[in-house]
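Q: File follows, input_38.tsv with TSV, C-alpha atoms:
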chain	number	residue	atom	x	y	z
A	175	MET	CA	92.73	100.97	16.80
A	176	SER	CA	91.18	97.91	15.26
A	177	SER	CA	93.47	94.89	15.08
A	178	GLU	CA	92.15	94.19	11.57
A	179	PHE	CA	94.25	95.89	8.93
A	180	PRO	CA	93.37	96.92	6.37
A	181	SER	CA	89.99	97.61	7.92
A	182	PRO	CA	86.64	96.97	6.23
A	183	GLN	CA	86.22	100.77	6.11
A	184	SER	CA	89.25	101.02	3.84
A	185	LEU	CA	87.47	98.83	1.28
A	186	SER	CA	84.74	101.45	1.09
A	187	THR	CA	87.44	104.10	0.66
A	188	LEU	CA	88.98	102.05	-2.16
A	189	LYS	CA	85.62	101.96	-3.95
A	190	SER	CA	85.35	105.73	-3.62
A	191	ALA	CA	88.90	106.12	-4.95
A	192	ASN	CA	88.24	103.92	-7.97
A	193	ALA	CA	84.97	105.71	-8.70
A	194	PHE	CA	86.66	109.10	-8.66
A	195	LEU	CA	89.71	107.99	-10.66
A	196	SER	CA	87.40	106.62	-13.36
A	197	THR	CA	86.21	110.19	-13.99
A	198	CYS	CA	89.75	111.47	-14.64
A	199	ASN	CA	91.63	111.43	-17.92
A	200	ARG	CA	94.38	108.83	-17.57
A	201	SER	CA	96.78	108.40	-20.46
A	202	SER	CA	100.38	107.71	-21.40
A	203	PHE	CA	103.10	110.23	-22.16
A	204	THR	CA	106.35	109.23	-23.87
A	205	THR	CA	109.46	111.05	-22.68
A	206	SER	CA	112.26	112.27	-24.93
A	207	ASP	CA	114.24	109.12	-24.06
A	208	GLY	CA	111.33	106.86	-25.03
A	209	LEU	CA	109.90	105.86	-21.62
A	210	PRO	CA	106.11	105.78	-21.13
A	211	LEU	CA	104.81	107.69	-18.10
A	212	SER	CA	101.33	107.16	-16.74
A	213	THR	CA	99.58	110.54	-16.43
A	214	LEU	CA	96.33	111.75	-14.93
A	215	LEU	CA	94.45	114.97	-15.63
A	216	HIS	CA	91.52	116.05	-13.49
A	217	THR	CA	89.51	118.94	-14.84
A	218	PRO	CA	86.73	120.03	-12.44
A	219	PRO	CA	83.24	120.92	-13.76
A	220	ASN	CA	83.89	124.64	-13.23
A	221	PRO	CA	87.64	125.28	-13.36
A	222	ASN	CA	88.35	128.82	-12.22
A	223	LYS	CA	91.93	128.61	-10.96
A	224	GLU	CA	95.32	127.67	-12.34
A	225	THR	CA	96.59	124.20	-13.14
A	226	VAL	CA	98.37	122.42	-10.29
A	227	LEU	CA	101.18	119.98	-11.04
A	228	PHE	CA	101.16	117.35	-8.28
A	229	LEU	CA	104.29	115.21	-7.78
A	230	THR	CA	104.23	112.12	-5.56
A	231	GLY	CA	106.95	110.68	-3.38
A	232	TRP	CA	109.18	107.66	-3.87
A	233	ASN	CA	107.37	104.29	-4.03
A	234	GLU	CA	104.03	105.98	-4.62
A	235	SER	CA	101.48	106.40	-7.37
A	236	TYR	CA	99.03	109.19	-8.04
A	237	VAL	CA	96.19	106.79	-7.23
A	238	LYS	CA	97.21	107.09	-3.56
A	239	TYR	CA	96.36	110.79	-3.66
A	240	TRP	CA	92.95	110.54	-5.26
A	241	ASP	CA	91.36	112.42	-2.35
A	242	VAL	CA	93.89	115.27	-2.56
A	243	ILE	CA	93.30	115.56	-6.30
A	244	ARG	CA	89.54	115.57	-5.76
A	245	ALA	CA	89.83	118.23	-3.05
A	246	LEU	CA	91.94	120.49	-5.27
A	247	GLY	CA	89.41	120.06	-8.05
A	248	GLY	CA	86.66	120.99	-5.62
A	249	GLU	CA	88.42	124.33	-5.12
A	250	GLY	CA	88.46	124.97	-8.87
A	251	TYR	CA	92.01	123.79	-9.68
A	252	THR	CA	92.79	121.62	-12.68
A	253	VAL	CA	95.23	118.92	-11.52
A	254	LEU	CA	97.92	117.29	-13.64
A	255	THR	CA	99.97	114.46	-12.17
A	256	PHE	CA	101.98	111.46	-13.31
A	257	ASP	CA	103.86	108.49	-11.92
A	258	HIS	CA	107.62	108.96	-11.89
A	259	ARG	CA	109.73	106.67	-14.04
A	260	SER	CA	110.45	103.23	-12.55
A	261	GLN	CA	107.49	103.39	-10.18
A	262	GLY	CA	103.71	103.37	-10.14
A	263	PHE	CA	102.16	102.59	-13.52
A	264	SER	CA	105.02	104.15	-15.47
A	265	GLY	CA	107.69	102.35	-17.46
A	266	ARG	CA	110.80	100.73	-16.00
A	267	THR	CA	114.34	101.09	-17.26
A	268	VAL	CA	115.87	98.02	-15.55
A	269	GLU	CA	114.79	94.71	-14.06
A	270	PRO	CA	113.40	93.67	-11.66
A	271	HIS	CA	110.31	95.83	-12.07
A	272	ASP	CA	110.03	96.47	-8.32
A	273	MET	CA	113.42	98.24	-8.12
A	274	SER	CA	113.35	102.01	-8.62
A	275	HIS	CA	116.19	103.21	-10.81
A	276	VAL	CA	117.27	106.47	-12.40
A	277	GLU	CA	120.68	107.21	-13.90
A	278	ASP	CA	120.54	110.89	-13.02
A	279	PHE	CA	118.07	112.66	-10.70
A	280	GLU	CA	117.89	115.43	-13.28
A	281	ARG	CA	115.86	113.01	-15.41
A	282	TYR	CA	112.96	113.37	-12.95
A	283	VAL	CA	113.06	117.11	-13.49
A	284	LYS	CA	113.20	116.72	-17.28
A	285	ASP	CA	110.22	114.36	-17.18
A	286	ALA	CA	108.14	116.91	-15.28
A	287	LEU	CA	109.15	119.74	-17.61
A	288	GLU	CA	108.33	117.65	-20.68
A	289	VAL	CA	104.91	116.64	-19.33
A	290	LEU	CA	104.13	120.27	-18.48
A	291	GLU	CA	105.23	121.51	-21.89
A	292	GLU	CA	103.06	118.97	-23.72
A	293	ARG	CA	100.01	118.84	-21.46
A	294	VAL	CA	99.79	122.44	-20.21
A	295	PHE	CA	101.94	125.01	-21.99
A	296	LYS	CA	101.20	123.79	-25.53
A	297	VAL	CA	97.41	123.61	-25.11
A	298	GLY	CA	96.50	127.26	-24.78
A	299	GLU	CA	98.03	127.91	-21.38
A	300	GLY	CA	101.49	128.97	-22.44
A	301	THR	CA	101.11	132.40	-20.91
A	302	ARG	CA	99.42	131.23	-17.72
A	303	LYS	CA	101.16	130.46	-14.48
A	304	ILE	CA	100.84	127.16	-12.67
A	305	SER	CA	101.31	126.05	-9.07
A	306	ILE	CA	103.31	123.00	-8.06
A	307	VAL	CA	102.70	120.66	-5.10
A	308	GLY	CA	105.00	117.81	-4.13
A	309	HIS	CA	105.51	115.27	-1.37
A	310	SER	CA	108.85	113.81	-0.18
A	311	MET	CA	110.91	112.93	-3.28
A	312	GLY	CA	108.29	114.77	-5.30
A	313	GLY	CA	108.87	117.73	-3.00
A	314	LEU	CA	112.51	118.00	-4.03
A	315	ILE	CA	111.56	117.54	-7.69
A	316	SER	CA	108.93	120.28	-7.25
A	317	LEU	CA	111.55	122.67	-5.88
A	318	LEU	CA	113.91	121.88	-8.75
A	319	VAL	CA	111.20	122.24	-11.42
A	320	SER	CA	109.99	125.53	-9.92
A	321	GLU	CA	113.57	126.81	-9.80
A	322	ARG	CA	113.94	125.98	-13.51
A	323	LEU	CA	110.67	127.62	-14.58
A	324	GLY	CA	110.92	130.65	-12.29
A	325	VAL	CA	108.27	133.15	-11.28
A	326	GLU	CA	107.40	133.75	-14.93
A	327	ARG	CA	105.67	130.37	-14.99
A	328	VAL	CA	105.13	129.37	-11.34
A	329	ASN	CA	102.90	131.13	-8.81
A	330	SER	CA	104.18	129.11	-5.88
A	331	VAL	CA	105.58	125.73	-4.86
A	332	SER	CA	104.10	123.85	-1.90
A	333	THR	CA	105.87	120.84	-0.44
A	334	VAL	CA	105.09	118.29	2.25
A	335	ALA	CA	108.17	116.75	3.91
A	336	PRO	CA	110.39	117.48	0.88
A	337	MET	CA	113.38	115.20	0.41
A	338	ILE	CA	116.05	117.89	0.79
A	339	CYS	CA	118.10	115.27	2.62
A	340	PHE	CA	117.18	111.61	3.19
A	341	LYS	CA	118.17	109.04	5.79
A	342	THR	CA	120.86	106.56	4.79
A	343	PRO	CA	120.97	103.84	7.48
A	344	PRO	CA	123.21	102.18	8.50
A	345	PHE	CA	125.69	104.75	7.10
A	346	PRO	CA	126.27	108.41	7.90
A	347	TRP	CA	125.36	110.83	5.09
A	348	LYS	CA	128.89	111.44	3.83
A	349	ILE	CA	129.82	107.75	3.80
A	350	ALA	CA	126.62	106.96	1.91
A	351	GLY	CA	127.74	109.50	-0.67
A	352	VAL	CA	131.08	107.77	-1.12
A	353	LEU	CA	129.41	104.37	-1.46
A	354	GLY	CA	127.02	105.90	-3.96
A	355	LYS	CA	129.97	106.69	-6.20
A	356	VAL	CA	131.87	103.44	-5.64
A	357	LEU	CA	129.13	100.82	-6.07
A	358	PRO	CA	127.96	101.90	-9.55
A	359	ALA	CA	131.60	102.31	-10.59
A	360	ILE	CA	132.32	98.63	-9.88
A	361	GLY	CA	129.26	97.42	-11.79
A	362	LEU	CA	126.73	97.25	-8.95
A	363	GLY	CA	124.62	100.23	-9.99
A	364	GLU	CA	121.66	98.13	-11.06
A	365	GLN	CA	121.56	96.13	-7.83
A	366	TYR	CA	119.34	96.83	-4.82
A	367	THR	CA	121.06	99.17	-2.41
A	368	VAL	CA	122.18	98.06	1.07
A	369	GLY	CA	119.27	96.76	3.15
A	370	PHE	CA	116.98	96.01	0.19
A	371	PRO	CA	114.90	94.38	-1.13
A	372	LYS	CA	112.68	94.43	1.91
A	373	ASP	CA	110.06	91.71	2.08
A	374	ASN	CA	108.09	93.72	4.62
A	375	TRP	CA	107.26	96.23	1.89
A	376	GLU	CA	105.03	93.67	0.28
A	377	PRO	CA	101.34	94.59	0.57
A	378	SER	CA	100.60	91.10	1.88
A	379	LEU	CA	102.16	91.97	5.24
A	380	MET	CA	100.07	95.14	5.49
A	381	ASN	CA	101.96	96.83	8.29
A	382	TRP	CA	104.54	99.25	6.94
A	383	PRO	CA	102.08	101.95	5.70
A	384	LEU	CA	101.04	102.55	9.32
A	385	LYS	CA	104.55	103.91	9.90
A	386	CYS	CA	104.08	106.44	7.10
A	387	THR	CA	100.78	108.10	8.02
A	388	HIS	CA	98.48	108.79	10.96
A	389	SER	CA	95.41	107.77	8.92
A	390	VAL	CA	94.73	104.06	9.31
A	391	GLU	CA	91.92	104.21	6.75
A	392	ARG	CA	94.10	105.97	4.18
A	393	ALA	CA	96.94	103.52	4.78
A	394	GLY	CA	94.53	100.63	4.36
A	395	CYS	CA	93.25	102.02	1.07
A	396	TRP	CA	96.81	102.33	-0.24
A	397	VAL	CA	97.54	98.72	0.70
A	398	ARG	CA	94.40	97.60	-1.13
A	399	GLN	CA	95.38	99.67	-4.17
A	400	GLN	CA	98.73	97.86	-4.29
A	401	ALA	CA	97.00	94.51	-3.91
A	402	GLU	CA	94.78	95.39	-6.90
A	403	ALA	CA	97.81	96.48	-8.96
A	404	PRO	CA	101.00	94.81	-7.61
A	405	ILE	CA	103.14	96.60	-10.21
A	406	ILE	CA	102.92	99.83	-8.20
A	407	SER	CA	104.64	98.31	-5.15
A	408	LEU	CA	108.42	98.68	-5.02
A	409	ALA	CA	110.87	96.53	-3.06
A	410	GLY	CA	113.67	99.09	-2.95
A	411	PRO	CA	115.97	101.46	-4.86
A	412	SER	CA	119.06	100.65	-6.88
A	413	ASN	CA	122.54	101.79	-5.89
A	414	THR	CA	122.49	104.20	-8.81
A	415	TRP	CA	119.19	105.68	-7.61
A	416	VAL	CA	120.72	106.32	-4.18
A	417	ALA	CA	123.80	107.91	-5.75
A	418	SER	CA	121.77	110.17	-8.02
A	419	ALA	CA	119.39	111.18	-5.24
A	420	TRP	CA	122.30	111.83	-2.87
A	421	ASN	CA	123.97	114.10	-5.43
A	422	ALA	CA	120.73	116.03	-6.05
A	423	CYS	CA	120.15	116.58	-2.34
A	424	ASP	CA	123.77	117.56	-1.68
A	425	GLU	CA	123.76	120.08	-4.54
A	426	PHE	CA	120.43	121.57	-3.45
A	427	MET	CA	121.56	121.96	0.16
A	428	GLU	CA	124.83	123.55	-0.91
A	429	LYS	CA	122.96	126.01	-3.12
A	430	TYR	CA	120.03	126.97	-0.89
A	431	CYS	CA	120.81	125.97	2.71
A	432	GLY	CA	123.25	127.43	5.21
A	433	SER	CA	125.11	130.71	5.62
A	434	LYS	CA	126.17	130.83	1.96
A	435	GLY	CA	122.80	129.80	0.55
A	436	SER	CA	121.40	131.66	-2.47
A	437	LYS	CA	117.89	133.07	-2.47
A	438	TYR	CA	115.35	130.55	-3.73
A	439	PRO	CA	113.60	132.23	-6.70
A	440	VAL	CA	109.95	131.15	-6.29
A	441	PRO	CA	107.48	131.78	-3.42
A	442	TRP	CA	107.27	128.61	-1.33
A	443	ILE	CA	105.47	127.00	1.55
A	444	MET	CA	106.66	123.85	3.31
A	445	ILE	CA	104.85	121.49	5.66
A	446	ARG	CA	107.36	119.91	8.02
A	447	PRO	CA	106.37	116.69	9.85
A	448	THR	CA	107.32	116.04	13.45
A	449	ASP	CA	109.35	113.10	12.20
A	450	ASP	CA	109.74	111.20	8.97
A	451	ARG	CA	110.65	107.59	8.25
A	452	PHE	CA	112.79	108.48	5.25
A	453	VAL	CA	113.55	112.20	5.17
A	454	HIS	CA	115.72	114.34	7.48
A	455	CYS	CA	113.32	116.99	8.77
A	456	GLU	CA	116.24	119.10	9.99
A	457	SER	CA	117.14	119.83	6.35
A	458	GLN	CA	113.73	121.44	5.93
A	459	ASP	CA	114.37	123.62	8.97
A	460	LEU	CA	117.72	124.70	7.54
A	461	PHE	CA	116.15	125.60	4.20
A	462	ALA	CA	113.41	127.61	5.93
A	463	LEU	CA	115.96	129.45	8.08
A	464	THR	CA	118.15	130.27	5.10
A	465	GLN	CA	115.19	131.32	2.94
A	466	LYS	CA	113.41	133.35	5.60
A	467	GLY	CA	111.17	135.93	3.96
A	468	GLY	CA	110.71	133.99	0.73
A	469	GLY	CA	108.08	131.62	2.08
A	470	GLY	CA	106.97	129.85	5.22
A	471	ILE	CA	107.25	126.55	7.04
A	472	VAL	CA	104.37	124.88	8.88
A	473	LYS	CA	105.19	122.39	11.63
Just give me the structure as structure tokens.
A:
Amino acid sequence: MSSEFPSPQSLSTLKSANAFLSTCNRSSFTTSDGLPLSTLLHTPPNPNKETVLFLTGWNESYVKYWDVIRALGGEGYTVLTFDHRSQGFSGRTVEPHDMSHVEDFERYVKDALEVLEERVFKVGEGTRKISIVGHSMGGLISLLVSERLGVERVNSVSTVAPMICFKTPPFPWKIAGVLGKVLPAIGLGEQYTVGFPKDNWEPSLMNWPLKCTHSVERAGCWVRQQAEAPIISLAGPSNTWVASAWNACDEFMEKYCGSKGSKYPVPWIMIRPTDDRFVHCESQDLFALTQKGGGGIVK
């Protein structure tokens, strides 16, 4: 591996990314609670398959996945994506701008449903099914959105390292849940959670993306994208974000994982990493074991 990071090759990748993104339709969508979300629609020259809703992970923007969007378009899929609230190019609800915050994780699901209704179902595709793809936090949101829409609207949901349960260092999962309730209750909801903000998340240090992917060139391109648009780089989540995410994960696991788990209603496929910096991979195994027959897990 070259000691220079990001590498000169990643600059070429950035130019390719910007060139492709300039061909997509990027616009703003206003949610029912008045927050602007940055959206992107990629319609290939010869679309012959369904629309794919692509949902990114925490502390990401759709620009990071330009190559995935391009590849899906190359297969004939129309791709709709957007940046989640309080991250990427979308609007913030609290200050500082580099702190991700959501009062209730359900709001992420509502945002996705509202974008779909306006950009897909109301424009002549109301009777057509879609597919949904999501990574990490976007993976959990994808599962929740697909559950809400059901097989009447969704062909399948594909997730990569979905955030069914996330790591909460230095605290065990249950203790983190208790803190998640206490800290917002005493007026600390809109403060960075324990261990944040992290200075080493700043693009200037250029090292943390290497811990999130095996592709040095892709990591370098993402660092350069953040340097071009610093607003898309987060320093950490709020205590309220942690509490809302913890509740969403806990409810999902109780409903669909373990001996008493209900049958998940939509065909699914899940790509499970060997390890993950943020997500508990064992939760993905438990979901796959509980939902055996309804989909498949790839390791």
Q: As a compact mmCIF listing (two decimals) with C-alpha atoms, in the frame of the given file, please: the residues near stretch 240-255 of chain A (cut-off 7 Å, only C-alpha atoms, same-chain neighbours under 2 positions excluded).
A:
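out_20.txt, written as the output of this step:
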# COMPACT_ATOMS: atom_id res chain seq x y z
CA ALA A 191 88.90 106.12 -4.95
CA LEU A 195 89.71 107.99 -10.66
CA THR A 213 99.58 110.54 -16.43
CA LEU A 214 96.33 111.75 -14.93
CA LEU A 215 94.45 114.97 -15.63
CA HIS A 216 91.52 116.05 -13.49
CA THR A 217 89.51 118.94 -14.84
CA PRO A 218 86.73 120.03 -12.44
CA ASN A 220 83.89 124.64 -13.23
CA PRO A 221 87.64 125.28 -13.36
CA ASN A 222 88.35 128.82 -12.22
CA LYS A 223 91.93 128.61 -10.96
CA GLU A 224 95.32 127.67 -12.34
CA THR A 225 96.59 124.20 -13.14
CA VAL A 226 98.37 122.42 -10.29
CA LEU A 227 101.18 119.98 -11.04
CA PHE A 228 101.16 117.35 -8.28
CA LEU A 229 104.29 115.21 -7.78
CA TYR A 236 99.03 109.19 -8.04
CA VAL A 237 96.19 106.79 -7.23
CA LYS A 238 97.21 107.09 -3.56
Q: Given all atoms listed in the file as the basis, pick out the residue of A:Glu234, A:Glu292, A:Glu391, A:Asp278 nearest to A:Met311.
A: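 Selected residue with least distance to A:Met311: A:Glu234.
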Q: Quick check, in Å to one decimal: how far apart do atom CA of A:Gly262 and atom CA of A:Glu402 lie?
A: 12.4 Å
Q: Identify, on the basis of all atoms listed in the file, every residue whose closest approach to A:Lys348 does not exceed 10 Å; exclude the query and any residue fewer than 5 positions from it along the same chain; express the result as a PyMOL selection string.
A: chain A and resi 342+353-354+420+424
Q: Any chance you could export the current selection's C-alpha atoms as an mmCIF file, keeping the file's coordinate frame?
A:
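File written: part30.cif
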data_model
loop_
_atom_site.group_PDB
_atom_site.id
_atom_site.type_symbol
_atom_site.label_atom_id
_atom_site.label_comp_id
_atom_site.auth_asym_id
_atom_site.auth_seq_id
_atom_site.Cartn_x
_atom_site.Cartn_y
_atom_site.Cartn_z
ATOM 1 C CA THR A 342 120.860 106.560 4.790
ATOM 2 C CA LEU A 353 129.410 104.370 -1.460
ATOM 3 C CA GLY A 354 127.020 105.900 -3.960
ATOM 4 C CA TRP A 420 122.300 111.830 -2.870
ATOM 5 C CA ASP A 424 123.770 117.560 -1.680
#
Q: Measuring between all atoms listed in the file, which one of A:Val440, A:Gln400, A:Pro336, A:Thr204 shows the shortest distance to A:Glu321?
A: A:Val440
Q: Give me stretch 240-354 of chain A from this structure - C-alpha atoms, as a PDB file, in the first residue's frame.
A:
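Below is the file that was written, decode04.pdb:
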ATOM      1  CA  TRP A 240     -21.720   7.235  -7.366  1.00  0.00           C
ATOM      2  CA  ASP A 241     -20.158   4.054  -8.764  1.00  0.00           C
ATOM      3  CA  VAL A 242     -22.890   1.838  -7.287  1.00  0.00           C
ATOM      4  CA  ILE A 243     -25.568   4.120  -8.736  1.00  0.00           C
ATOM      5  CA  ARG A 244     -23.846   4.074 -12.122  1.00  0.00           C
ATOM      6  CA  ALA A 245     -23.557   0.281 -12.043  1.00  0.00           C
ATOM      7  CA  LEU A 246     -27.247  -0.143 -11.225  1.00  0.00           C
ATOM      8  CA  GLY A 247     -28.109   2.216 -14.057  1.00  0.00           C
ATOM      9  CA  GLY A 248     -25.930   0.155 -16.368  1.00  0.00           C
ATOM     10  CA  GLU A 249     -28.169  -2.823 -15.599  1.00  0.00           C
ATOM     11  CA  GLY A 250     -31.272  -0.855 -16.552  1.00  0.00           C
ATOM     12  CA  TYR A 251     -32.423   0.260 -13.084  1.00  0.00           C
ATOM     13  CA  THR A 252     -33.591   3.785 -12.361  1.00  0.00           C
ATOM     14  CA  VAL A 253     -32.021   4.846  -9.047  1.00  0.00           C
ATOM     15  CA  LEU A 254     -33.540   7.227  -6.524  1.00  0.00           C
ATOM     16  CA  THR A 255     -31.529   8.218  -3.466  1.00  0.00           C
ATOM     17  CA  PHE A 256     -31.295  11.046  -0.962  1.00  0.00           C
ATOM     18  CA  ASP A 257     -29.200  12.207   1.962  1.00  0.00           C
ATOM     19  CA  HIS A 258     -30.786  11.516   5.333  1.00  0.00           C
ATOM     20  CA  ARG A 259     -31.739  14.462   7.505  1.00  0.00           C
ATOM     21  CA  SER A 260     -28.878  16.008   9.507  1.00  0.00           C
ATOM     22  CA  GLN A 261     -26.211  14.591   7.219  1.00  0.00           C
ATOM     23  CA  GLY A 262     -24.830  14.905   3.710  1.00  0.00           C
ATOM     24  CA  PHE A 263     -26.261  17.833   1.763  1.00  0.00           C
ATOM     25  CA  SER A 264     -29.618  17.695   3.553  1.00  0.00           C
ATOM     26  CA  GLY A 265     -30.932  20.125   6.137  1.00  0.00           C
ATOM     27  CA  ARG A 266     -30.026  20.118   9.820  1.00  0.00           C
ATOM     28  CA  THR A 267     -32.404  20.375  12.746  1.00  0.00           C
ATOM     29  CA  VAL A 268     -29.896  21.427  15.438  1.00  0.00           C
ATOM     30  CA  GLU A 269     -26.474  23.033  15.729  1.00  0.00           C
ATOM     31  CA  PRO A 270     -23.628  22.363  15.251  1.00  0.00           C
ATOM     32  CA  HIS A 271     -24.103  21.275  11.649  1.00  0.00           C
ATOM     33  CA  ASP A 272     -21.668  18.358  12.018  1.00  0.00           C
ATOM     34  CA  MET A 273     -23.765  16.607  14.691  1.00  0.00           C
ATOM     35  CA  SER A 274     -26.335  14.113  13.414  1.00  0.00           C
ATOM     36  CA  HIS A 275     -29.644  14.400  15.234  1.00  0.00           C
ATOM     37  CA  VAL A 276     -33.099  12.898  14.945  1.00  0.00           C
ATOM     38  CA  GLU A 277     -35.829  13.037  17.572  1.00  0.00           C
ATOM     39  CA  ASP A 278     -37.322   9.704  16.560  1.00  0.00           C
ATOM     40  CA  PHE A 279     -35.810   7.071  14.235  1.00  0.00           C
ATOM     41  CA  GLU A 280     -39.261   6.695  12.699  1.00  0.00           C
ATOM     42  CA  ARG A 281     -38.645  10.080  11.063  1.00  0.00           C
ATOM     43  CA  TYR A 282     -36.048   8.446   8.786  1.00  0.00           C
ATOM     44  CA  VAL A 283     -38.692   5.977   7.664  1.00  0.00           C
ATOM     45  CA  LYS A 284     -41.255   8.746   7.086  1.00  0.00           C
ATOM     46  CA  ASP A 285     -38.731  10.705   5.028  1.00  0.00           C
ATOM     47  CA  ALA A 286     -38.123   7.722   2.750  1.00  0.00           C
ATOM     48  CA  LEU A 287     -41.843   7.039   2.356  1.00  0.00           C
ATOM     49  CA  GLU A 288     -42.540  10.687   1.544  1.00  0.00           C
ATOM     50  CA  VAL A 289     -39.761  10.852  -1.049  1.00  0.00           C
ATOM     51  CA  LEU A 290     -41.009   7.632  -2.654  1.00  0.00           C
ATOM     52  CA  GLU A 291     -44.601   8.845  -2.736  1.00  0.00           C
ATOM     53  CA  GLU A 292     -43.661  12.127  -4.404  1.00  0.00           C
ATOM     54  CA  ARG A 293     -40.866  11.006  -6.724  1.00  0.00           C
ATOM     55  CA  VAL A 294     -42.015   7.505  -7.711  1.00  0.00           C
ATOM     56  CA  PHE A 295     -45.579   6.557  -6.850  1.00  0.00           C
ATOM     57  CA  LYS A 296     -47.162   9.856  -7.940  1.00  0.00           C
ATOM     58  CA  VAL A 297     -45.405  10.034 -11.329  1.00  0.00           C
ATOM     59  CA  GLY A 298     -47.005   7.155 -13.173  1.00  0.00           C
ATOM     60  CA  GLU A 299     -45.464   4.312 -11.210  1.00  0.00           C
ATOM     61  CA  GLY A 300     -48.086   3.920  -8.528  1.00  0.00           C
ATOM     62  CA  THR A 301     -48.878   0.367  -9.555  1.00  0.00           C
ATOM     63  CA  ARG A 302     -45.273  -0.694 -10.097  1.00  0.00           C
ATOM     64  CA  LYS A 303     -43.082  -2.390  -7.557  1.00  0.00           C
ATOM     65  CA  ILE A 304     -39.707  -1.064  -6.492  1.00  0.00           C
ATOM     66  CA  SER A 305     -36.610  -2.625  -4.953  1.00  0.00           C
ATOM     67  CA  ILE A 306     -34.787  -1.171  -1.972  1.00  0.00           C
ATOM     68  CA  VAL A 307     -31.040  -1.298  -1.222  1.00  0.00           C
ATOM     69  CA  GLY A 308     -29.465   0.010   1.967  1.00  0.00           C
ATOM     70  CA  HIS A 309     -26.148   0.074   3.787  1.00  0.00           C
ATOM     71  CA  SER A 310     -25.603   0.105   7.581  1.00  0.00           C
ATOM     72  CA  MET A 311     -28.056   2.617   9.088  1.00  0.00           C
ATOM     73  CA  GLY A 312     -29.680   2.787   5.672  1.00  0.00           C
ATOM     74  CA  GLY A 313     -29.972  -0.994   5.840  1.00  0.00           C
ATOM     75  CA  LEU A 314     -32.172  -0.831   8.931  1.00  0.00           C
ATOM     76  CA  ILE A 315     -34.210   1.987   7.390  1.00  0.00           C
ATOM     77  CA  SER A 316     -34.580  -0.133   4.228  1.00  0.00           C
ATOM     78  CA  LEU A 317     -35.925  -3.048   6.268  1.00  0.00           C
ATOM     79  CA  LEU A 318     -38.382  -0.781   8.077  1.00  0.00           C
ATOM     80  CA  VAL A 319     -39.563   0.926   4.869  1.00  0.00           C
ATOM     81  CA  SER A 320     -39.994  -2.424   3.106  1.00  0.00           C
ATOM     82  CA  GLU A 321     -41.938  -3.762   6.088  1.00  0.00           C
ATOM     83  CA  ARG A 322     -44.263  -0.745   5.877  1.00  0.00           C
ATOM     84  CA  LEU A 323     -44.846  -0.999   2.114  1.00  0.00           C
ATOM     85  CA  GLY A 324     -45.071  -4.791   1.957  1.00  0.00           C
ATOM     86  CA  VAL A 325     -44.877  -7.112  -1.027  1.00  0.00           C
ATOM     87  CA  GLU A 326     -47.566  -5.091  -2.802  1.00  0.00           C
ATOM     88  CA  ARG A 327     -44.997  -2.372  -3.437  1.00  0.00           C
ATOM     89  CA  VAL A 328     -41.569  -3.965  -2.860  1.00  0.00           C
ATOM     90  CA  ASN A 329     -39.992  -6.754  -4.910  1.00  0.00           C
ATOM     91  CA  SER A 330     -37.123  -7.262  -2.488  1.00  0.00           C
ATOM     92  CA  VAL A 331     -34.887  -5.505   0.025  1.00  0.00           C
ATOM     93  CA  SER A 332     -31.103  -5.911  -0.158  1.00  0.00           C
ATOM     94  CA  THR A 333     -28.893  -4.748   2.688  1.00  0.00           C
ATOM     95  CA  VAL A 334     -25.162  -4.536   3.293  1.00  0.00           C
ATOM     96  CA  ALA A 335     -24.145  -4.727   6.971  1.00  0.00           C
ATOM     97  CA  PRO A 336     -27.554  -3.483   8.170  1.00  0.00           C
ATOM     98  CA  MET A 337     -27.604  -1.718  11.519  1.00  0.00           C
ATOM     99  CA  ILE A 338     -29.865  -4.210  13.297  1.00  0.00           C
ATOM    100  CA  CYS A 339     -27.719  -3.610  16.372  1.00  0.00           C
ATOM    101  CA  PHE A 340     -24.813  -1.163  16.712  1.00  0.00           C
ATOM    102  CA  LYS A 341     -21.760  -1.018  18.952  1.00  0.00           C
ATOM    103  CA  THR A 342     -21.969   1.273  21.968  1.00  0.00           C
ATOM    104  CA  PRO A 343     -18.460   1.547  23.450  1.00  0.00           C
ATOM    105  CA  PRO A 344     -17.530   1.938  26.238  1.00  0.00           C
ATOM    106  CA  PHE A 345     -20.936   0.713  27.493  1.00  0.00           C
ATOM    107  CA  PRO A 346     -22.732  -2.614  27.128  1.00  0.00           C
ATOM    108  CA  TRP A 347     -25.867  -2.512  24.968  1.00  0.00           C
ATOM    109  CA  LYS A 348     -28.399  -2.449  27.805  1.00  0.00           C
ATOM    110  CA  ILE A 349     -26.563   0.269  29.747  1.00  0.00           C
ATOM    111  CA  ALA A 350     -26.331   2.367  26.593  1.00  0.00           C
ATOM    112  CA  GLY A 351     -30.105   2.059  26.328  1.00  0.00           C
ATOM    113  CA  VAL A 352     -30.588   3.367  29.851  1.00  0.00           C
ATOM    114  CA  LEU A 353     -28.235   6.283  29.221  1.00  0.00           C
ATOM    115  CA  GLY A 354     -30.106   6.975  26.004  1.00  0.00           C
TER     116      GLY A 354
END
